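Data file: coords12.txt. Format and content: compact mmCIF, C-alpha atoms.
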```
# COMPACT_ATOMS: atom_id res chain seq x y z
CA MET K 1 108.99 41.98 123.45
CA LEU K 2 107.08 45.23 122.75
CA LEU K 3 109.47 46.55 120.09
CA PHE K 4 108.88 43.75 117.72
CA THR K 5 105.15 43.16 117.99
CA ARG K 6 103.18 43.51 114.80
CA ARG K 7 100.85 45.99 116.46
CA PHE K 8 103.73 48.22 117.56
CA LEU K 9 105.34 48.21 114.13
CA THR K 10 102.03 49.11 112.49
CA SER K 11 101.53 51.99 114.91
CA ALA K 12 105.10 53.21 114.45
CA ILE K 13 104.75 53.27 110.66
CA PHE K 14 101.41 55.10 110.93
CA PHE K 15 102.89 57.61 113.36
CA ILE K 16 105.92 58.28 111.13
CA LEU K 17 103.66 58.81 108.09
CA LEU K 18 101.50 61.19 110.09
CA CYS K 19 104.52 63.22 111.15
CA ALA K 20 105.68 63.34 107.53
CA PHE K 21 102.41 65.15 106.71
CA LEU K 22 102.45 67.40 109.76
CA PHE K 23 106.07 68.55 109.50
CA PRO K 24 105.49 70.15 106.06
CA ALA K 25 102.40 71.89 107.51
CA SER K 26 104.58 73.38 110.22
CA ALA K 27 107.28 74.14 107.69
CA ALA K 28 104.68 75.93 105.54
CA VAL K 29 104.38 78.39 108.40
CA ALA K 30 108.16 78.46 108.69
CA GLY K 31 110.39 80.32 106.26
CA SER K 32 112.03 83.68 106.65
CA GLU K 33 108.86 85.42 107.83
CA SER K 34 108.43 82.98 110.70
CA LEU K 35 111.65 84.39 112.19
CA ASP K 36 109.27 87.13 113.34
CA HIS K 37 108.28 84.63 116.03
CA TYR K 38 111.79 85.01 117.40
CA ILE K 39 111.39 88.75 117.92
CA TYR K 40 111.38 89.22 121.69
CA ASP K 41 108.97 91.81 123.03
CA PRO K 42 110.40 93.30 126.24
CA GLY K 43 107.22 95.32 126.87
CA LYS K 44 107.27 99.04 127.50
CA LEU K 45 110.65 100.14 128.88
CA LYS K 46 111.67 103.26 130.78
CA PRO K 47 111.99 105.80 127.94
CA LEU K 48 115.44 106.98 128.98
CA ALA K 49 117.84 105.40 131.47
CA SER K 50 121.11 107.27 130.96
CA ALA K 51 122.41 110.83 130.83
CA SER K 52 124.74 111.80 128.05
CA GLN K 53 127.22 114.59 128.80
CA LEU K 54 127.89 115.20 125.12
CA LYS K 55 126.37 118.20 123.41
CA VAL K 56 126.21 119.64 119.92
CA GLY K 57 129.54 121.22 119.10
CA ASP K 58 131.62 118.66 121.04
CA ALA K 59 134.17 116.46 119.33
CA ALA K 60 132.67 113.02 118.81
CA PRO K 61 134.54 110.38 120.85
CA ASP K 62 136.57 108.24 118.47
CA PHE K 63 136.26 104.47 118.55
CA ALA K 64 137.13 101.33 116.61
CA LEU K 65 134.65 98.46 116.64
CA ARG K 66 134.44 95.24 114.69
CA ASP K 67 131.91 94.85 111.88
CA LEU K 68 130.17 91.61 110.85
CA ALA K 69 133.22 90.50 108.90
CA GLY K 70 135.39 91.01 111.95
CA GLU K 71 137.11 94.06 110.47
CA LYS K 72 137.73 97.04 112.72
CA ILE K 73 135.96 100.22 111.62
CA SER K 74 137.00 103.49 113.24
CA LEU K 75 134.99 106.70 113.35
CA SER K 76 138.09 108.75 112.52
CA SER K 77 138.51 106.86 109.22
CA PHE K 78 135.62 108.94 107.87
CA ARG K 79 137.22 112.27 108.87
CA GLY K 80 137.46 114.57 105.88
CA LYS K 81 135.53 112.10 103.71
CA ARG K 82 131.95 111.53 104.87
CA ASN K 83 129.54 112.79 107.45
CA VAL K 84 128.53 110.03 109.81
CA VAL K 85 125.27 109.08 111.48
CA ILE K 86 125.72 106.73 114.41
CA SER K 87 122.51 104.81 115.09
CA PHE K 88 122.61 103.12 118.48
CA VAL K 89 119.72 100.67 118.88
CA PRO K 90 119.07 98.86 122.15
CA ALA K 91 119.06 95.19 121.17
CA ALA K 92 118.85 92.77 118.29
CA TRP K 93 115.67 90.73 117.92
CA THR K 94 113.43 93.34 119.59
CA PRO K 95 110.46 95.10 117.98
CA VAL K 96 111.31 98.75 117.18
CA CYS K 97 114.99 97.97 116.53
CA SER K 98 114.05 95.26 114.05
CA GLN K 99 112.31 97.88 111.95
CA GLN K 100 114.47 100.97 112.40
CA TRP K 101 117.44 99.73 110.38
CA PRO K 102 115.29 98.19 107.59
CA GLY K 103 113.81 101.68 107.26
CA TYR K 104 117.26 103.24 106.86
CA ASN K 105 118.05 100.41 104.48
CA ILE K 106 115.70 101.82 101.83
CA ALA K 107 116.74 105.42 102.42
CA LYS K 108 120.37 105.04 101.29
CA ASP K 109 119.90 107.65 98.56
CA LEU K 110 118.91 110.25 101.16
CA PHE K 111 122.13 109.55 103.05
CA ASP K 112 124.21 109.60 99.87
CA LYS K 113 122.67 112.92 98.76
CA ASN K 114 124.02 114.39 101.98
CA ASP K 115 127.41 112.69 101.69
CA THR K 116 126.69 110.69 104.81
CA THR K 117 127.36 107.16 105.89
CA LEU K 118 125.50 105.32 108.62
CA LEU K 119 127.06 103.20 111.34
CA GLY K 120 124.70 100.87 113.17
CA ILE K 121 125.85 99.92 116.67
CA THR K 122 124.39 97.65 119.34
CA VAL K 123 125.86 95.98 122.40
CA ASP K 124 125.09 92.52 120.94
CA ASN K 125 127.84 90.16 119.85
CA ILE K 126 128.74 89.59 116.20
CA PRO K 127 126.97 86.23 115.69
CA THR K 128 123.74 87.75 117.02
CA LEU K 129 124.08 90.80 114.80
CA TYR K 130 124.90 88.61 111.82
CA ALA K 131 121.75 86.51 112.20
CA TRP K 132 119.56 89.51 112.91
CA THR K 133 120.69 91.66 109.99
CA LYS K 134 120.53 88.66 107.67
CA GLN K 135 116.88 88.27 108.65
CA MET K 136 116.36 91.92 107.68
CA GLY K 137 117.68 91.10 104.23
CA GLN K 138 121.18 92.56 104.63
CA VAL K 139 121.87 96.24 105.16
CA TRP K 140 124.02 98.67 103.16
CA PHE K 141 125.74 100.23 106.14
CA PRO K 142 128.40 98.84 108.50
CA VAL K 143 126.98 97.12 111.58
CA LEU K 144 129.33 97.27 114.55
CA SER K 145 129.38 95.26 117.74
CA ASP K 146 129.93 97.09 121.02
CA PHE K 147 129.79 93.80 122.92
CA TRP K 148 133.19 93.58 124.54
CA PRO K 149 134.35 95.41 126.56
CA HIS K 150 130.64 95.63 127.03
CA GLY K 151 129.10 98.86 125.80
CA VAL K 152 132.32 100.89 126.07
CA VAL K 153 131.45 103.01 123.03
CA ALA K 154 127.83 103.45 124.14
CA GLN K 155 129.25 104.48 127.53
CA SER K 156 131.58 107.03 125.91
CA TYR K 157 128.56 108.57 124.17
CA GLY K 158 126.63 108.53 127.44
CA VAL K 159 123.95 106.18 126.14
CA LEU K 160 124.62 102.94 128.02
CA ARG K 161 121.59 102.06 130.15
CA ALA K 162 121.82 100.43 133.56
CA ASP K 163 120.25 97.28 132.09
CA GLY K 164 123.23 96.85 129.75
CA MET K 165 121.48 97.91 126.53
CA SER K 166 122.15 101.16 124.77
CA GLU K 167 119.57 103.89 124.33
CA ARG K 168 117.86 104.38 120.97
CA ALA K 169 120.11 107.27 119.97
CA LEU K 170 121.24 109.08 116.85
CA PHE K 171 124.39 111.18 116.61
CA VAL K 172 125.15 113.19 113.48
CA ILE K 173 128.87 113.90 113.10
CA ASP K 174 130.29 116.15 110.40
CA LYS K 175 133.44 115.57 108.37
CA THR K 176 135.56 117.41 110.93
CA GLY K 177 134.45 115.00 113.64
CA VAL K 178 132.15 117.44 115.43
CA ILE K 179 128.74 116.42 116.74
CA ARG K 180 126.01 118.36 114.93
CA TYR K 181 122.85 116.66 116.21
CA ILE K 182 121.92 114.39 119.10
CA ASP K 183 118.63 112.52 119.48
CA VAL K 184 118.50 110.25 122.50
CA HIS K 185 114.99 109.02 121.81
CA ASP K 186 112.27 107.38 123.85
CA ILE K 187 113.46 103.79 123.62
CA ASN K 188 109.93 102.56 122.84
CA VAL K 189 109.36 104.87 119.90
CA MET K 190 110.74 105.01 116.36
CA PRO K 191 112.50 108.32 115.61
CA LYS K 192 110.98 110.04 112.57
CA LEU K 193 113.11 109.71 109.47
CA GLU K 194 112.43 113.25 108.33
CA ASP K 195 113.90 114.68 111.53
CA LEU K 196 117.21 112.97 110.80
CA ILE K 197 117.23 113.91 107.10
CA ARG K 198 116.48 117.52 107.99
CA GLU K 199 119.62 117.59 110.14
CA LEU K 200 121.72 116.01 107.41
CA LYS K 201 120.63 118.74 105.00
CA LYS K 202 122.05 121.34 107.38
CA LEU K 203 125.57 119.86 107.22
CA PRO K 204 128.14 121.87 105.29
CA ARG K 205 129.01 120.51 101.84
CA MET B 1 96.31 47.02 126.37
CA ARG B 2 97.48 49.84 128.70
CA LYS B 3 100.81 50.16 126.86
CA TRP B 4 98.90 50.37 123.60
CA LEU B 5 96.66 53.15 124.94
CA ARG B 6 99.67 55.05 126.35
CA PHE B 7 101.40 54.87 123.01
CA TRP B 8 98.42 56.35 121.18
CA ALA B 9 97.87 59.03 123.81
CA LEU B 10 101.49 60.10 123.38
CA SER B 11 101.07 60.11 119.59
CA VAL B 12 98.02 62.34 119.79
CA CYS B 13 99.87 64.77 122.06
CA MET B 14 102.83 64.90 119.67
CA MET B 15 100.48 65.56 116.77
CA ALA B 16 98.86 68.42 118.65
CA LEU B 17 102.28 69.86 119.41
CA PHE B 18 103.45 69.79 115.80
CA SER B 19 100.18 71.06 114.36
CA GLY B 20 100.18 74.11 116.68
CA PRO B 21 101.91 76.52 114.29
CA ALA B 22 99.52 75.57 111.49
CA CYS B 23 96.49 76.45 113.60
CA ALA B 24 96.97 80.20 114.12
CA GLY B 25 93.83 82.23 114.90
CA THR B 26 92.31 84.65 112.36
CA PHE B 27 92.87 88.38 112.57
CA GLN B 28 89.59 90.24 113.14
CA VAL B 29 88.83 93.61 111.61
CA ASN B 30 85.76 95.70 112.40
CA GLY B 31 84.23 97.03 109.17
CA ASP B 32 82.36 99.87 110.87
CA ALA B 33 85.52 101.03 112.61
CA LEU B 34 87.42 100.84 109.32
CA ALA B 35 84.73 102.95 107.66
CA GLY B 36 85.23 105.49 110.45
CA ILE B 37 88.91 106.03 109.62
CA GLN B 38 89.40 109.44 108.04
CA LEU B 39 92.11 109.92 105.41
CA PRO B 40 93.12 113.10 103.59
CA ILE B 41 91.77 113.48 100.05
CA PRO B 42 94.88 113.27 97.83
CA LYS B 43 96.12 116.47 96.22
CA ASN B 44 97.34 114.38 93.27
CA ASN B 45 94.63 114.51 90.56
CA ALA B 46 95.45 111.04 89.21
CA GLU B 47 94.93 109.54 92.67
CA LYS B 48 91.74 111.52 93.20
CA GLU B 49 90.37 110.26 89.93
CA TYR B 50 91.42 106.67 90.71
CA LEU B 51 89.57 106.81 94.01
CA GLY B 52 86.56 108.65 92.58
CA LEU B 53 86.93 111.57 94.96
CA SER B 54 86.70 115.31 94.55
CA GLY B 55 87.31 118.43 96.57
CA THR B 56 89.49 118.73 99.65
CA GLY B 57 89.36 117.62 103.26
CA ASN B 58 89.05 114.05 104.48
CA PHE B 59 87.31 110.94 103.22
CA SER B 60 86.31 107.49 104.42
CA LEU B 61 87.29 104.34 102.54
CA SER B 62 83.56 103.60 102.33
CA GLN B 63 83.21 106.57 99.96
CA LEU B 64 85.39 105.14 97.20
CA LYS B 65 83.71 104.83 93.80
CA ALA B 66 84.11 101.05 93.68
CA SER B 67 82.42 97.94 94.98
CA THR B 68 85.50 96.34 96.53
CA LEU B 69 88.50 97.65 98.39
CA ILE B 70 91.84 95.93 98.90
CA LEU B 71 93.64 97.68 101.73
CA GLU B 72 97.30 96.90 102.35
CA VAL B 73 98.38 97.82 105.87
CA PHE B 74 102.13 98.25 105.65
CA SER B 75 105.06 100.05 107.21
CA MET B 76 107.97 101.68 105.46
CA TYR B 77 110.15 100.15 108.18
CA CYS B 78 108.87 96.60 107.68
CA PRO B 79 111.32 94.42 105.69
CA HIS B 80 108.50 92.03 104.70
CA CYS B 81 106.53 94.93 103.24
CA GLN B 82 109.62 96.05 101.38
CA ARG B 83 110.05 92.57 99.86
CA GLU B 84 106.32 92.40 99.13
CA ALA B 85 106.18 95.75 97.30
CA PRO B 86 106.87 94.35 93.81
CA VAL B 87 104.15 91.72 94.33
CA VAL B 88 101.60 94.34 95.36
CA ASN B 89 102.61 96.45 92.39
CA GLU B 90 101.97 93.43 90.21
CA LEU B 91 98.58 92.94 91.86
CA HIS B 92 97.73 96.54 91.04
CA GLY B 93 98.87 96.03 87.45
CA LEU B 94 96.74 92.90 87.02
CA ILE B 95 93.67 94.68 88.37
CA GLU B 96 94.21 97.66 86.07
CA LYS B 97 94.57 95.40 83.03
CA ASP B 98 91.23 93.69 83.68
CA ALA B 99 88.36 95.91 82.46
CA SER B 100 85.77 94.79 85.01
CA LEU B 101 88.19 94.55 87.96
CA LYS B 102 89.57 97.98 87.16
CA LYS B 103 86.11 99.49 87.60
CA ASP B 104 85.12 97.52 90.70
CA VAL B 105 88.31 97.03 92.74
CA LYS B 106 90.49 99.73 94.25
CA LEU B 107 93.85 99.11 95.95
CA VAL B 108 94.96 101.44 98.72
CA GLY B 109 97.87 101.28 101.18
CA ILE B 110 98.06 102.73 104.69
CA GLY B 111 101.46 103.04 106.36
CA ILE B 112 100.60 102.35 109.97
CA GLY B 113 102.76 104.43 112.30
CA ASN B 114 104.42 106.13 109.32
CA THR B 115 104.64 109.84 108.62
CA PRO B 116 103.82 111.23 105.15
CA PHE B 117 107.58 111.67 104.57
CA GLU B 118 108.23 108.02 105.39
CA VAL B 119 105.37 106.81 103.17
CA ASP B 120 106.79 108.95 100.39
CA VAL B 121 110.21 107.25 100.76
CA PHE B 122 108.47 103.88 100.39
CA ARG B 123 106.45 105.08 97.41
CA LYS B 124 109.50 106.39 95.57
CA LYS B 125 111.75 103.46 96.45
CA PHE B 126 109.30 100.87 95.13
CA LYS B 127 107.60 103.01 92.44
CA VAL B 128 104.16 102.42 93.91
CA LEU B 129 101.43 103.64 91.58
CA PHE B 130 98.37 103.16 93.77
CA PRO B 131 97.47 105.61 96.59
CA LEU B 132 99.36 105.32 99.84
CA PHE B 133 98.43 107.12 103.04
CA ALA B 134 100.24 107.80 106.30
CA ASP B 135 98.79 106.94 109.69
CA ASP B 136 101.38 108.32 112.09
CA SER B 137 98.92 108.38 114.99
CA PHE B 138 98.08 104.66 114.62
CA GLN B 139 94.35 105.40 114.24
CA LEU B 140 94.10 102.25 112.13
CA GLN B 141 94.82 100.15 115.22
CA SER B 142 91.30 101.01 116.43
CA VAL B 143 89.81 98.66 113.83
CA SER B 144 91.14 95.52 115.50
CA LYS B 145 91.64 94.32 119.06
CA ASP B 146 94.77 92.52 117.86
CA ARG B 147 97.98 94.34 117.09
CA PHE B 148 98.46 94.78 113.36
CA ARG B 149 101.24 92.82 111.74
CA THR B 150 102.54 94.10 108.45
CA PRO B 151 101.80 93.46 105.70
CA THR B 152 98.14 92.72 106.20
CA PHE B 153 95.71 92.72 103.27
CA ILE B 154 92.04 93.47 103.93
CA VAL B 155 89.36 92.93 101.28
CA ALA B 156 86.17 94.83 102.02
CA GLY B 157 82.89 95.26 100.19
CA ILE B 158 81.88 98.89 99.83
CA GLY B 159 78.18 98.92 100.54
CA PRO B 160 75.36 101.46 100.60
CA GLY B 161 75.13 103.89 103.48
CA ALA B 162 78.89 104.38 103.67
CA SER B 163 79.57 100.91 105.06
CA LEU B 164 82.42 98.45 104.71
CA LYS B 165 81.85 94.71 104.93
CA ILE B 166 85.03 92.80 105.67
CA LEU B 167 85.30 89.92 103.20
CA ASP B 168 88.84 88.66 103.77
CA VAL B 169 91.88 89.39 105.94
CA HIS B 170 95.28 88.04 104.91
CA VAL B 171 98.18 88.50 107.32
CA GLY B 172 101.66 88.25 105.84
CA ARG B 173 103.00 88.09 102.34
CA ILE B 174 100.90 86.86 99.42
CA LYS B 175 102.59 83.64 98.42
CA ASP B 176 100.42 82.87 95.39
CA LEU B 177 99.33 86.05 93.62
CA ALA B 178 97.18 84.33 91.00
CA LYS B 179 95.28 82.45 93.69
CA TYR B 180 94.87 85.61 95.76
CA LEU B 181 93.49 87.54 92.79
CA GLU B 182 91.09 84.70 91.97
CA ASN B 183 89.84 84.88 95.53
CA VAL B 184 89.38 88.65 95.26
CA LYS B 185 87.38 88.18 92.04
CA LYS B 186 85.12 85.65 93.75
CA LEU B 187 84.64 87.89 96.77
CA ALA B 188 83.90 90.91 94.57
CA ALA B 189 81.35 88.90 92.56
CA GLY B 190 79.79 87.09 95.47
CA LYS B 191 79.09 89.89 97.90
```

In structure tokens, what does this structure look like?
Amino acid sequence: MLLFTRRFLTSAIFFILLCAFLFPASAAVAGSESLDHYIYDPGKLKPLASASQLKVGDAAPDFALRDLAGEKISLSSFRGKRNVVISFVPAAWTPVCSQQWPGYNIAKDLFDKNDTTLLGITVDNIPTLYAWTKQMGQVWFPVLSDFWPHGVVAQSYGVLRADGMSERALFVIDKTGVIRYIDVHDINVMPKLEDLIRELKKLPR
Amino acid sequence: MRKWLRFWALSVCMMALFSGPACAGTFQVNGDALAGIQLPIPKNNAEKEYLGLSGTGNFSLSQLKASTLILEVFSMYCPHCQREAPVVNELHGLIEKDASLKKDVKLVGIGIGNTPFEVDVFRKKFKVLFPLFADDSFQLQSVSKDRFRTPTFIVAGIGPGASLKILDVHVGRIKDLAKYLENVKKLAAGK
């Protein structure tokens, strides 16, 4: 019988030893950086695929979405306390999005100087957002899932695309709940940080 | 005999499959194209002095008063670059503490796709002491046919006639700083 021939056993042992050397070689490439290989590149997308009806001066639509701990966070809970920046990004595990929030992650002092908190929202589900933000190295701001009902908050802000993702959009909302700045950006391009900070500096103290 | 050959053929295929990730290609950088990149001469006198530059306007990395350049291509938005910042700071510190390296080796960072404001956020956040430049128009991408991943570390020899000879390209974080610095020393001595 093949299984128990001397030749087979010798080959099997040799093969197992070889794999024992090769697996560490693969693992040497693995590690947190190799999660970059899981970033999905969707190619160049249509820059905008929605039409928001909101404008500066409108009341920001209130919402309550779950964060990564499953707690509900409402926009109105910040009324009278903090200005809010809502950062909608299209999708977890995609190129520009995977860098935008890490950028805001090291700019916390600029938000704090302007008495502003940041809410990061995507239409992904919580487990996806958990894994993705963990790969970034954790973020200081609440990350909220607009997964179900799918994209209802993105829809209320007029930034839900026909493909089910949200636009890459920033809304600055003051402490009275009024929208002070809207940037529905080319989805393929990173918005400049200084443009956002400039708008935060204009907010009343 | 046939079963034996099939078994070994399958083994070889499995080995090829598992060794794939360990056999990534090298990232190519064109030294002439890199020498053609124009950067603004820093207004900061300490940085000017470090780079051996004077006056105003633009400069090429091939004009630095040094024999060897280490260029870190980074992005303020890149979480790996953020985690790597203390290591690169340490690299800078080790170079500055070594009398011969300090004279021969200059460390410069270029924030690919970043604005000056964004580079400044990175500089302040991580207390970076070596010169950093912004490349918000992605001109640096012209030095390679492959898309830059960040961080990428390029070691180049600064030669006569305003030329740059690429000596080493390291994509990703530096896992062993001592080993990396030893390699830089050898490259700086051997070119």

Problem set entry | Nearest to chain B by atom-to-atom distance, counting only C-alpha atoms, from K:Ala154, K:Met136, K:Val123, K:Ala92 |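 Counting only C-alpha atoms, the residue closest to chain B is K:Met136.
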
For this session: Within 8 Å of Leu181 (chain B), counting only C-alpha atoms, which residues show up once you throw out same-chain ones fewer than 4 positions away? Write them as a list in words, please.
Result: Leu91, Leu177 and Lys185 of chain B

Kindly save the residues from that selection, with C-alpha atoms included, as a CSV table (one decimal), in the frame of the given file.
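Final file, selection.csv:
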```csv
chain,number,residue,atom,x,y,z
B,91,LEU,CA,98.6,92.9,91.9
B,177,LEU,CA,99.3,86.0,93.6
B,185,LYS,CA,87.4,88.2,92.0
```

Exercise. Using only C-alpha atoms, which of K:Arg79, K:Lys175, K:Lys192, K:His185 sits nearest chain B?
Worked result: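 Among K:Arg79, K:Lys175, K:Lys192, K:His185, it is K:Lys192 that comes nearest to chain B.
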
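Between CA of Ala134 (chain B) and CA of Tyr38 (chain K) lies a distance of 27.9 Å.
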
For this session: Mind giving me the straight-line distance from CA of Gly159 (chain B) to CA of Gln63 (chain B) in Å, one decimal?
Result: 9.2 Å

Problem set entry | Minimum-distance residue to Phe117 (chain B), chosen among K:Leu110, K:Leu144, K:Ala131, K:Val84 (using only C-alpha atoms) |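 The answer is K:Leu110, which sits nearest to Phe117 (chain B).
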
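For Gly57 (chain K), the set of protein, DNA and RNA residues having any atom at most 8 Å away, when counting all atoms listed in the file and skipping those fewer than 3 positions along the same chain, is Val178, Ile179 and Arg180 of chain K.
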
For this session: Determine which residues of chain K sit within 6 Å of chain B, taking into account only C-alpha atoms, and present them as a PyMOL selection string.
Result: chain K and resi 26+99+102-103+136

Problem set entry | Nearest candidate to His37 (chain K) (options K:Gln135, K:Ser74, K:Thr117, K:Ser145; using all atoms listed in the file) |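 Of the candidates, the smallest distance to His37 (chain K) is held by K:Gln135.
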
Please list, as a JSON list (two decimals) with C-alpha atoms, in the coordinates of the input, the residues that have an atom at most 8 Å away from (128.1, 106.4, 112.6) in the coordinates of this file, counting all atoms listed in the file.
```json
[["chain", "number", "residue", "atom", "x", "y", "z"],
["K", 75, "LEU", "CA", 134.99, 106.70, 113.35],
["K", 84, "VAL", "CA", 128.53, 110.03, 109.81],
["K", 85, "VAL", "CA", 125.27, 109.08, 111.48],
["K", 86, "ILE", "CA", 125.72, 106.73, 114.41],
["K", 87, "SER", "CA", 122.51, 104.81, 115.09],
["K", 117, "THR", "CA", 127.36, 107.16, 105.89],
["K", 118, "LEU", "CA", 125.50, 105.32, 108.62],
["K", 119, "LEU", "CA", 127.06, 103.20, 111.34],
["K", 120, "GLY", "CA", 124.70, 100.87, 113.17],
["K", 121, "ILE", "CA", 125.85, 99.92, 116.67],
["K", 171, "PHE", "CA", 124.39, 111.18, 116.61],
["K", 172, "VAL", "CA", 125.15, 113.19, 113.48],
["K", 173, "ILE", "CA", 128.87, 113.90, 113.10]]
```

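Comparing the minimum interatomic distances between Leu65 (chain K) and each of K:Ser98, K:Thr122, K:Asn105, K:Ser50, counting only C-alpha atoms, we find that K:Thr122 sits nearest.
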
For this session: Could you give me, as number ranges by chain, the residues within 12 Å of Thr56 (chain B), counting all atoms listed in the file and dropping anything in the same chain fewer than 3 positions from it?
Result: B: 39-45, 48, 53, 59

Problem set entry | Near-Val189 (chain K) list (9 Å; all atoms listed in the file; drop same-chain fewer than 5 positions) as a list in words | Pro47, Val96 and Arg168 of chain K

Exercise. By how many Å are CA of Tyr157 (chain K) and CA of Ile106 (chain K) apart?
Worked result: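 Result for CA of Tyr157 (chain K) versus CA of Ile106 (chain K): 26.6 Å, one decimal.
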
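Distances here use only C-alpha atoms; by that measure, the residue among K:Ala49, K:Glu167, K:Asp174, K:Trp101 closest to Lys202 (chain K) is K:Asp174.
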
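Around the point (111.4, 94.5, 118.7), within 10 Å and counting all atoms listed in the file, we find these residues: K:Asp36, K:Tyr38, K:Ile39, K:Tyr40, K:Asp41, K:Pro42, K:Gly43, K:Pro90, K:Ala91, K:Ala92, K:Trp93, K:Thr94, K:Pro95, K:Val96, K:Cys97, K:Ser98, K:Gln99, K:Gln100, K:Asn188.
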